[in-house]
>>> print(open('upload02.txt').read())   # compact mmCIF, C-alpha atoms
# COMPACT_ATOMS: atom_id res chain seq x y z
CA MET A 174 89.53 41.86 19.36
CA THR A 175 88.15 38.54 18.13
CA GLY A 176 89.69 36.21 15.62
CA MET A 177 90.57 32.67 14.73
CA ALA A 178 93.29 31.04 16.79
CA THR A 179 95.71 28.60 15.24
CA ALA A 180 94.39 25.15 15.96
CA SER A 181 96.56 22.32 17.21
CA PRO A 182 96.99 19.30 14.91
CA ARG A 183 93.80 17.28 14.97
CA ALA A 184 93.92 13.97 16.84
CA ASP A 185 92.16 10.98 15.31
CA ILE A 186 88.76 10.65 16.96
CA GLY A 187 89.47 7.10 18.08
CA ASP A 188 92.67 8.24 19.78
CA SER A 189 91.17 11.24 21.57
CA GLU A 190 91.25 11.12 25.35
CA PHE A 191 87.85 12.82 25.43
CA ASP A 192 86.31 10.09 23.30
CA ARG A 193 87.90 7.32 25.36
CA ALA A 194 86.83 8.93 28.63
CA THR A 195 83.21 9.36 27.46
CA ALA A 196 82.95 5.91 25.88
CA VAL A 197 79.94 3.78 26.79
CA ALA A 198 79.63 0.04 26.14
CA PRO A 199 76.18 -1.42 25.30
CA ARG A 200 75.30 -4.18 27.73
CA ALA A 201 74.51 -7.45 25.94
CA GLY A 202 70.85 -8.38 26.09
CA GLU A 203 69.74 -5.14 27.79
CA ALA A 204 68.50 -2.51 25.35
CA GLY A 205 69.45 1.03 26.26
CA VAL A 206 71.81 -0.02 29.08
CA TYR A 207 75.46 1.04 28.88
CA ASP A 208 78.45 0.42 31.10
CA ALA A 209 80.90 3.28 31.58
CA GLU A 210 83.96 4.22 33.61
CA LEU A 211 84.04 7.78 34.96
CA SER A 212 87.61 8.98 34.53
CA ALA A 213 89.57 10.64 37.34
CA GLY A 214 91.19 12.71 34.60
CA TRP A 215 88.10 14.92 34.34
CA THR A 216 87.79 15.99 37.97
CA ILE A 217 88.01 19.41 39.57
CA GLY A 218 88.23 19.69 43.33
CA SER A 219 86.68 16.47 44.62
CA ALA A 220 84.03 16.15 41.88
CA VAL A 221 83.74 14.77 38.37
CA ASN A 222 83.10 17.73 36.05
CA GLY A 223 79.44 18.24 35.18
CA GLY A 224 80.09 18.99 31.51
CA TYR A 225 82.10 15.79 31.14
CA LEU A 226 79.21 13.83 32.69
CA LEU A 227 76.76 15.49 30.31
CA ALA A 228 78.90 14.55 27.31
CA LEU A 229 79.05 10.92 28.46
CA LEU A 230 75.26 10.72 28.80
CA GLY A 231 74.96 12.57 25.52
CA ARG A 232 77.04 9.87 23.85
CA ALA A 233 74.78 7.15 25.25
CA LEU A 234 71.70 8.96 23.93
CA SER A 235 73.38 9.44 20.56
CA GLY A 236 73.70 5.66 20.34
CA SER A 237 70.12 5.03 21.47
CA LEU A 238 68.09 7.56 19.48
CA PRO A 239 67.39 7.61 15.73
CA HIS A 240 69.05 11.05 15.45
CA ARG A 241 72.70 11.58 16.36
CA ASP A 242 73.18 15.24 17.31
CA PRO A 243 72.14 16.82 20.62
CA LEU A 244 69.91 19.85 20.11
CA THR A 245 68.51 20.55 23.57
CA VAL A 246 69.70 18.79 26.71
CA THR A 247 68.55 19.40 30.28
CA ALA A 248 70.29 17.69 33.21
CA HIS A 249 69.52 17.58 36.89
CA TYR A 250 72.52 16.69 39.04
CA LEU A 251 71.11 14.65 41.92
CA THR A 252 74.19 13.42 43.81
CA ALA A 253 77.92 13.97 43.33
CA SER A 254 79.56 11.55 40.90
CA ARG A 255 82.94 9.99 41.60
CA PRO A 256 85.53 8.32 39.37
CA GLY A 257 84.85 4.65 38.77
CA PRO A 258 82.25 2.32 37.26
CA ALA A 259 78.85 3.65 36.26
CA VAL A 260 75.74 2.46 34.45
CA VAL A 261 73.70 4.56 32.02
CA ARG A 262 70.10 3.66 31.25
CA ALA A 263 68.68 5.42 28.20
CA GLN A 264 65.34 5.22 26.45
CA THR A 265 63.55 6.77 23.50
CA VAL A 266 60.56 8.85 24.51
CA ARG A 267 59.50 9.82 20.99
CA ALA A 268 61.02 9.29 17.55
CA GLY A 269 59.91 11.88 15.00
CA ARG A 270 60.94 12.65 11.44
CA THR A 271 63.25 15.57 12.25
CA MET A 272 63.80 15.17 16.00
CA SER A 273 63.92 12.41 18.58
CA SER A 274 63.36 12.82 22.31
CA GLY A 275 64.92 10.63 24.95
CA GLN A 276 65.95 10.42 28.56
CA ALA A 277 68.91 8.89 30.36
CA SER A 278 70.14 8.44 33.92
CA LEU A 279 73.58 7.62 35.27
CA PHE A 280 73.89 5.36 38.32
CA GLN A 281 76.76 4.35 40.59
CA THR A 282 77.02 1.97 43.52
CA ASP A 283 77.68 3.64 46.88
CA ASP A 284 79.85 2.37 49.74
CA LYS A 285 76.94 0.32 51.09
CA GLY A 286 76.36 -1.46 47.80
CA ARG A 287 73.23 0.53 46.93
CA GLU A 288 72.64 1.84 43.41
CA VAL A 289 72.39 5.65 43.48
CA GLU A 290 71.18 7.89 40.65
CA ARG A 291 73.73 10.65 40.02
CA ILE A 292 72.29 12.60 37.08
CA ARG A 293 69.09 12.52 35.03
CA VAL A 294 68.80 13.97 31.51
CA ILE A 295 65.99 14.62 29.06
CA ALA A 296 67.03 15.62 25.57
CA GLY A 297 66.00 16.34 22.01
CA TYR A 298 68.25 15.11 19.19
CA CYS A 299 68.32 16.00 15.50
CA ASP A 300 70.56 16.19 12.44
CA LEU A 301 72.27 19.57 12.84
CA ALA A 302 73.39 19.55 9.21
CA ALA A 303 69.74 19.46 8.11
CA LEU A 304 68.75 22.65 9.98
CA PRO A 305 67.98 25.76 7.87
CA ASP A 306 70.93 28.02 7.09
CA GLY A 307 69.26 31.39 7.75
CA VAL A 308 70.45 33.43 10.76
CA ARG A 309 68.83 36.55 12.25
CA THR A 310 70.54 37.55 15.46
CA SER A 311 71.52 40.51 17.58
CA ALA A 312 74.08 38.41 19.45
CA LYS A 313 77.75 39.34 18.99
CA PRO A 314 80.92 37.29 19.62
CA PRO A 315 82.70 38.24 22.85
CA ARG A 316 85.35 40.92 22.48
CA MET A 317 88.60 39.64 23.96
CA PRO A 318 92.30 39.36 23.11
CA SER A 319 93.66 36.82 20.68
CA TYR A 320 94.45 33.30 21.80
CA GLU A 321 98.14 34.16 22.07
CA ASP A 322 97.44 37.15 24.32
CA CYS A 323 95.23 35.24 26.78
CA LEU A 324 96.45 33.39 29.87
CA GLY A 325 96.92 29.63 30.17
CA SER A 326 97.06 27.39 33.22
CA ALA A 327 100.85 27.82 33.34
CA ASP A 328 100.24 31.49 34.16
CA ALA A 329 98.02 30.71 37.15
CA PRO A 330 99.21 31.41 40.72
CA ALA A 331 100.22 28.41 42.82
CA GLU A 332 97.28 28.75 45.21
CA GLY A 333 94.06 27.60 43.51
CA GLN A 334 90.49 28.64 44.17
CA VAL A 335 89.30 25.07 44.70
CA GLY A 336 91.17 22.51 46.77
CA GLY A 337 91.83 19.01 45.48
CA SER A 338 92.20 17.73 41.94
CA THR A 339 92.75 19.99 38.93
CA ALA A 340 93.18 17.03 36.56
CA ILE A 341 90.69 18.37 34.01
CA LEU A 342 92.97 21.35 33.29
CA GLU A 343 95.57 18.97 31.85
CA ARG A 344 93.02 17.84 29.25
CA LEU A 345 91.90 21.29 28.17
CA ASP A 346 93.65 23.92 26.09
CA LEU A 347 92.22 26.85 28.04
CA ARG A 348 93.33 30.45 27.63
CA LEU A 349 91.48 33.04 29.73
CA ASP A 350 90.90 36.71 28.93
CA PRO A 351 93.20 38.68 31.29
CA ALA A 352 90.35 41.14 31.94
CA THR A 353 88.32 38.39 33.65
CA VAL A 354 90.97 36.69 35.82
CA GLY A 355 91.60 39.29 38.51
CA TRP A 356 90.18 36.78 41.00
CA ALA A 357 93.30 34.63 40.49
CA VAL A 358 95.42 37.32 42.16
CA GLY A 359 92.89 38.37 44.76
CA ALA A 360 91.27 41.16 42.74
CA PRO A 361 87.90 39.91 41.40
CA SER A 362 85.94 42.47 39.39
CA GLY A 363 82.62 41.68 41.07
CA LEU A 364 80.92 41.64 37.66
CA GLY A 365 80.52 37.85 37.48
CA ARG A 366 82.14 37.39 34.07
CA VAL A 367 84.67 34.87 32.73
CA ARG A 368 85.80 34.60 29.10
CA GLY A 369 88.35 32.51 27.26
CA TRP A 370 89.45 30.34 24.35
CA LEU A 371 88.81 26.60 24.73
CA GLY A 372 90.24 23.62 22.92
CA LEU A 373 91.07 20.06 23.87
CA ALA A 374 94.70 19.50 24.83
CA ASP A 375 95.23 16.61 22.42
CA GLY A 376 94.08 18.68 19.44
CA ARG A 377 90.75 16.94 18.87
CA ASP A 378 88.33 19.20 17.02
CA HIS A 379 85.13 20.18 18.77
CA ASP A 380 81.85 18.56 17.80
CA PRO A 381 78.30 18.63 19.24
CA LEU A 382 79.21 16.23 22.06
CA SER A 383 82.26 18.21 23.17
CA LEU A 384 80.08 21.35 23.24
CA LEU A 385 78.25 19.68 26.14
CA LEU A 386 81.60 19.66 27.96
CA ALA A 387 82.54 23.18 26.87
CA VAL A 388 79.58 24.90 28.56
CA ASP A 389 80.91 23.79 31.96
CA ALA A 390 84.66 23.80 31.37
CA LEU A 391 85.73 27.33 32.40
CA PRO A 392 86.19 28.54 35.99
CA PRO A 393 82.82 29.48 37.52
CA THR A 394 81.63 33.08 37.54
CA SER A 395 81.44 32.87 41.34
CA PHE A 396 85.24 33.37 41.35
CA ASP A 397 84.78 36.78 39.72
CA LEU A 398 82.29 37.62 42.47
CA GLY A 399 85.06 37.06 45.02
CA LEU A 400 83.87 33.64 46.24
CA LYS A 401 86.20 30.67 46.64
CA GLY A 402 85.35 26.99 46.60
CA TRP A 403 83.23 24.45 44.76
CA THR A 404 80.20 25.73 42.84
CA PRO A 405 78.12 22.55 42.28
CA THR A 406 75.66 22.53 39.39
CA LEU A 407 72.08 21.69 40.28
CA GLU A 408 70.50 22.01 36.81
CA LEU A 409 72.00 22.66 33.38
CA THR A 410 70.25 23.22 30.04
CA VAL A 411 72.23 23.34 26.79
CA HIS A 412 71.06 24.36 23.32
CA VAL A 413 73.39 23.22 20.53
CA ARG A 414 72.86 25.50 17.52
CA ALA A 415 75.41 24.28 14.95
CA ARG A 416 78.45 22.11 14.38
CA PRO A 417 81.55 24.20 15.13
CA VAL A 418 84.28 24.69 12.56
CA PRO A 419 87.73 23.31 13.48
CA GLY A 420 89.76 25.32 15.96
CA PRO A 421 89.37 26.71 19.47
CA LEU A 422 86.06 28.09 20.70
CA ARG A 423 85.38 31.41 22.38
CA VAL A 424 83.41 30.91 25.59
CA ALA A 425 81.74 33.71 27.56
CA LEU A 426 80.15 33.16 30.98
CA SER A 427 78.13 35.63 33.02
CA THR A 428 75.92 35.75 36.08
CA ARG A 429 73.59 38.56 37.13
CA ASN A 430 71.89 37.29 40.25
CA LEU A 431 73.11 35.51 43.36
CA ALA A 432 70.32 35.08 45.89
CA GLY A 433 69.30 32.43 48.38
CA GLY A 434 72.71 30.81 48.09
CA LEU A 435 72.14 30.11 44.36
CA LEU A 436 73.37 31.74 41.16
CA GLU A 437 72.53 31.39 37.50
CA GLU A 438 75.32 31.15 34.93
CA ASP A 439 74.71 31.92 31.26
CA CYS A 440 77.14 30.65 28.63
CA GLU A 441 77.65 31.49 24.96
CA ILE A 442 80.02 29.52 22.74
CA TRP A 443 81.27 30.92 19.44
CA ASP A 444 83.37 29.17 16.81
CA GLY A 445 86.04 30.58 14.50
CA ALA A 446 83.43 31.45 11.87
CA ASP A 447 81.77 33.86 14.35
CA ARG A 448 78.77 31.57 14.75
CA LEU A 449 76.96 31.08 18.03
CA VAL A 450 77.21 27.29 18.19
CA ALA A 451 75.89 26.64 21.72
CA GLN A 452 74.17 28.37 24.61
CA SER A 453 73.45 27.23 28.13
CA ARG A 454 72.07 28.28 31.47
CA GLN A 455 72.75 26.53 34.74
CA LEU A 456 71.61 26.95 38.31
CA ALA A 457 74.42 26.37 40.79
CA ARG A 458 74.93 26.52 44.51
CA ALA A 459 77.18 29.41 45.46
CA PRO A 460 80.35 28.64 47.40
CA ARG A 461 80.09 29.27 51.11
CA GLY A 462 83.46 31.02 51.19
>>> encode(input="upload02.txt", output="structure tokens")
Amino acid sequence: MTGMATASPRADIGDSEFDRATAVAPRAGEAGVYDAELSAGWTIGSAVNGGYLLALLGRALSGSLPHRDPLTVTAHYLTASRPGPAVVRAQTVRAGRTMSSGQASLFQTDDKGREVERIRVIAGYCDLAALPDGVRTSAKPPRMPSYEDCLGSADAPAEGQVGGSTAILERLDLRLDPATVGWAVGAPSGLGRVRGWLGLADGRDHDPLSLLLAVDALPPTSFDLGLKGWTPTLELTVHVRARPVPGPLRVALSTRNLAGGLLEEDCEIWDGADRLVAQSRQLARAPRG
């Protein structure tokens, strides 16, 4: 069944770990240039999470463009990011009455002192509150157990699917549908589906920026195909449809085609009012395991 989970007490936005970790500081005298620190707290395996990176760039664009809310964001992940200093360069491509378009890139310095581009984004921003209210849809919220009847990280077996850091799990309130976690005990369904409830561990309510994190926060569908190891994102497009109401989100991932060592992963995110608040598709490299 579906239904509204009981939300944790809301943290003040300024005190949220997500907001601190995605903070960007405008560089004096350089328009559109921001300094940032990629947090080791948002890593999985050996990599900084792609959704976290997208939210950080999304915050920089929100500060650069005339409109504040991400509507459509497409990212190409060029090289693996690592915790530590980074620079974001953002620019306005077009400023319209109802939507602004911009682009941004994140750079880090490698071991040889060279500046390397890690991720490049092009995005359209708007005022989500100003969008029309009418909805005509055949989409339905995912059918899954209540928050209380789903499985948290404390229920996971000791042996993980990806070696290295699992720090991001400490910052998420993630509860997975038992029907989609057979892979955790060596019994993947082979259907390529993962579903669960998602909140932030400190109780911060979701907003358009955290939706950019949410589309890449669950275990990859490759696990349910019986594959172990890192599934790096090559390209990710997100459509933000509405501001979510307070409380955990329902997230449903699926893949239908793994070929040429690549798989697509489709994501739907629903809020407690049964609204489809975000959708995404990414192309990822399948694990070699």
>>> closest_residue(input="upload02.txt", among="A:Val354, A:Val221, A:Ala248, A:Ala201", to="A:Ser395", atoms="all atoms listed in the file")
A:Val354
>>> residues_around(input="upload02.txt", residues="A:Leu238", least_positions_apart="6", cutoff="12 Å", atoms="all atoms listed in the file", output="number ranges by chain")
A: 204-205, 231-232, 263-277, 296-300
>>> residues_around(input="upload02.txt", residues="stretch 438-451 of chain A", least_positions_apart="2", cutoff="6 Å", atoms="only C-alpha atoms", output="VMD selection string")
chain A and resid 177 412 to 415 417 422 to 428 453 to 455
>>> residues_around(input="upload02.txt", residues="A:Thr282", least_positions_apart="4", cutoff="10 Å", atoms="only C-alpha atoms", output="list in words")
Gly257, Pro258, Ala259, Val260, Gly286, Arg287, Glu288, Val289, Glu290 and Arg291 of chain A
>>> atom_distance(input="upload02.txt", atom1="atom CA of A:Leu385", atom2="atom CA of A:Gly223")
9.2 Å
>>> atom_distance(input="upload02.txt", atom1="atom CA of A:Ser219", atom2="atom CA of A:Leu251")
15.9 Å
>>> decode(input="upload02.txt", residues="stretch 428-439 of chain A", atoms="all heavy atoms", output="compact mmCIF listing (two decimals), in the first residue's frame")
# COMPACT_ATOMS: atom_id res chain seq x y z
N THR A 428 15.12 -0.36 -14.56
CA THR A 428 15.88 -0.42 -15.80
C THR A 428 15.32 -1.53 -16.65
O THR A 428 14.86 -2.55 -16.14
CB THR A 428 17.39 -0.64 -15.53
OG1 THR A 428 18.10 -0.52 -16.76
CG2 THR A 428 17.66 -2.01 -14.94
N ARG A 429 15.33 -1.33 -17.97
CA ARG A 429 14.79 -2.34 -18.88
C ARG A 429 15.82 -2.88 -19.86
O ARG A 429 15.56 -3.89 -20.52
CB ARG A 429 13.62 -1.75 -19.69
CG ARG A 429 12.42 -1.32 -18.85
CD ARG A 429 11.25 -0.92 -19.72
NE ARG A 429 11.64 0.17 -20.64
CZ ARG A 429 10.92 0.52 -21.71
NH1 ARG A 429 9.81 -0.13 -22.01
NH2 ARG A 429 11.32 1.52 -22.47
N ASN A 430 16.97 -2.21 -19.96
CA ASN A 430 17.89 -2.60 -21.02
C ASN A 430 19.33 -2.41 -20.58
O ASN A 430 19.76 -1.29 -20.29
CB ASN A 430 17.62 -1.77 -22.27
CG ASN A 430 18.35 -2.29 -23.49
OD1 ASN A 430 18.22 -3.46 -23.84
ND2 ASN A 430 19.11 -1.44 -24.14
N LEU A 431 20.07 -3.50 -20.50
CA LEU A 431 21.50 -3.45 -20.28
C LEU A 431 22.14 -4.02 -21.54
O LEU A 431 21.92 -5.19 -21.87
CB LEU A 431 21.90 -4.25 -19.04
CG LEU A 431 23.34 -4.11 -18.54
CD1 LEU A 431 23.47 -4.61 -17.11
CD2 LEU A 431 24.36 -4.84 -19.42
N ALA A 432 22.92 -3.20 -22.23
CA ALA A 432 23.55 -3.64 -23.47
C ALA A 432 24.81 -2.81 -23.69
O ALA A 432 24.86 -1.62 -23.32
CB ALA A 432 22.60 -3.46 -24.66
N GLY A 433 25.83 -3.45 -24.24
CA GLY A 433 27.07 -2.73 -24.50
C GLY A 433 27.77 -2.25 -23.24
O GLY A 433 28.52 -1.27 -23.28
N GLY A 434 27.49 -2.91 -22.12
CA GLY A 434 28.09 -2.50 -20.86
C GLY A 434 27.45 -1.28 -20.23
O GLY A 434 27.98 -0.73 -19.26
N LEU A 435 26.29 -0.85 -20.75
CA LEU A 435 25.59 0.34 -20.26
C LEU A 435 24.15 -0.02 -19.93
O LEU A 435 23.55 -0.89 -20.55
CB LEU A 435 25.61 1.46 -21.31
CG LEU A 435 26.98 1.89 -21.83
CD1 LEU A 435 26.81 2.84 -23.01
CD2 LEU A 435 27.79 2.55 -20.73
N LEU A 436 23.59 0.71 -18.95
CA LEU A 436 22.17 0.54 -18.63
C LEU A 436 21.54 1.90 -18.41
O LEU A 436 22.22 2.86 -18.03
CB LEU A 436 21.97 -0.35 -17.41
CG LEU A 436 22.60 0.06 -16.07
CD1 LEU A 436 21.67 0.99 -15.28
CD2 LEU A 436 22.92 -1.16 -15.23
N GLU A 437 20.23 1.97 -18.71
CA GLU A 437 19.48 3.17 -18.39
C GLU A 437 18.78 2.94 -17.05
O GLU A 437 18.47 1.80 -16.70
CB GLU A 437 18.47 3.52 -19.49
CG GLU A 437 17.06 3.00 -19.28
CD GLU A 437 16.94 1.47 -19.40
OE1 GLU A 437 17.86 0.83 -19.93
OE2 GLU A 437 15.91 0.93 -18.95
N GLU A 438 18.56 4.01 -16.31
CA GLU A 438 17.82 3.89 -15.05
C GLU A 438 16.80 5.02 -14.98
O GLU A 438 17.17 6.19 -15.01
CB GLU A 438 18.78 3.96 -13.86
CG GLU A 438 18.11 3.70 -12.52
CD GLU A 438 19.11 3.55 -11.40
OE1 GLU A 438 19.61 2.42 -11.19
OE2 GLU A 438 19.41 4.57 -10.75
N ASP A 439 15.53 4.64 -14.93
CA ASP A 439 14.45 5.61 -14.82
C ASP A 439 14.03 5.74 -13.37
O ASP A 439 13.95 4.75 -12.64
CB ASP A 439 13.25 5.17 -15.67
CG ASP A 439 13.54 5.25 -17.16
OD1 ASP A 439 14.11 6.26 -17.60
OD2 ASP A 439 13.21 4.29 -17.88
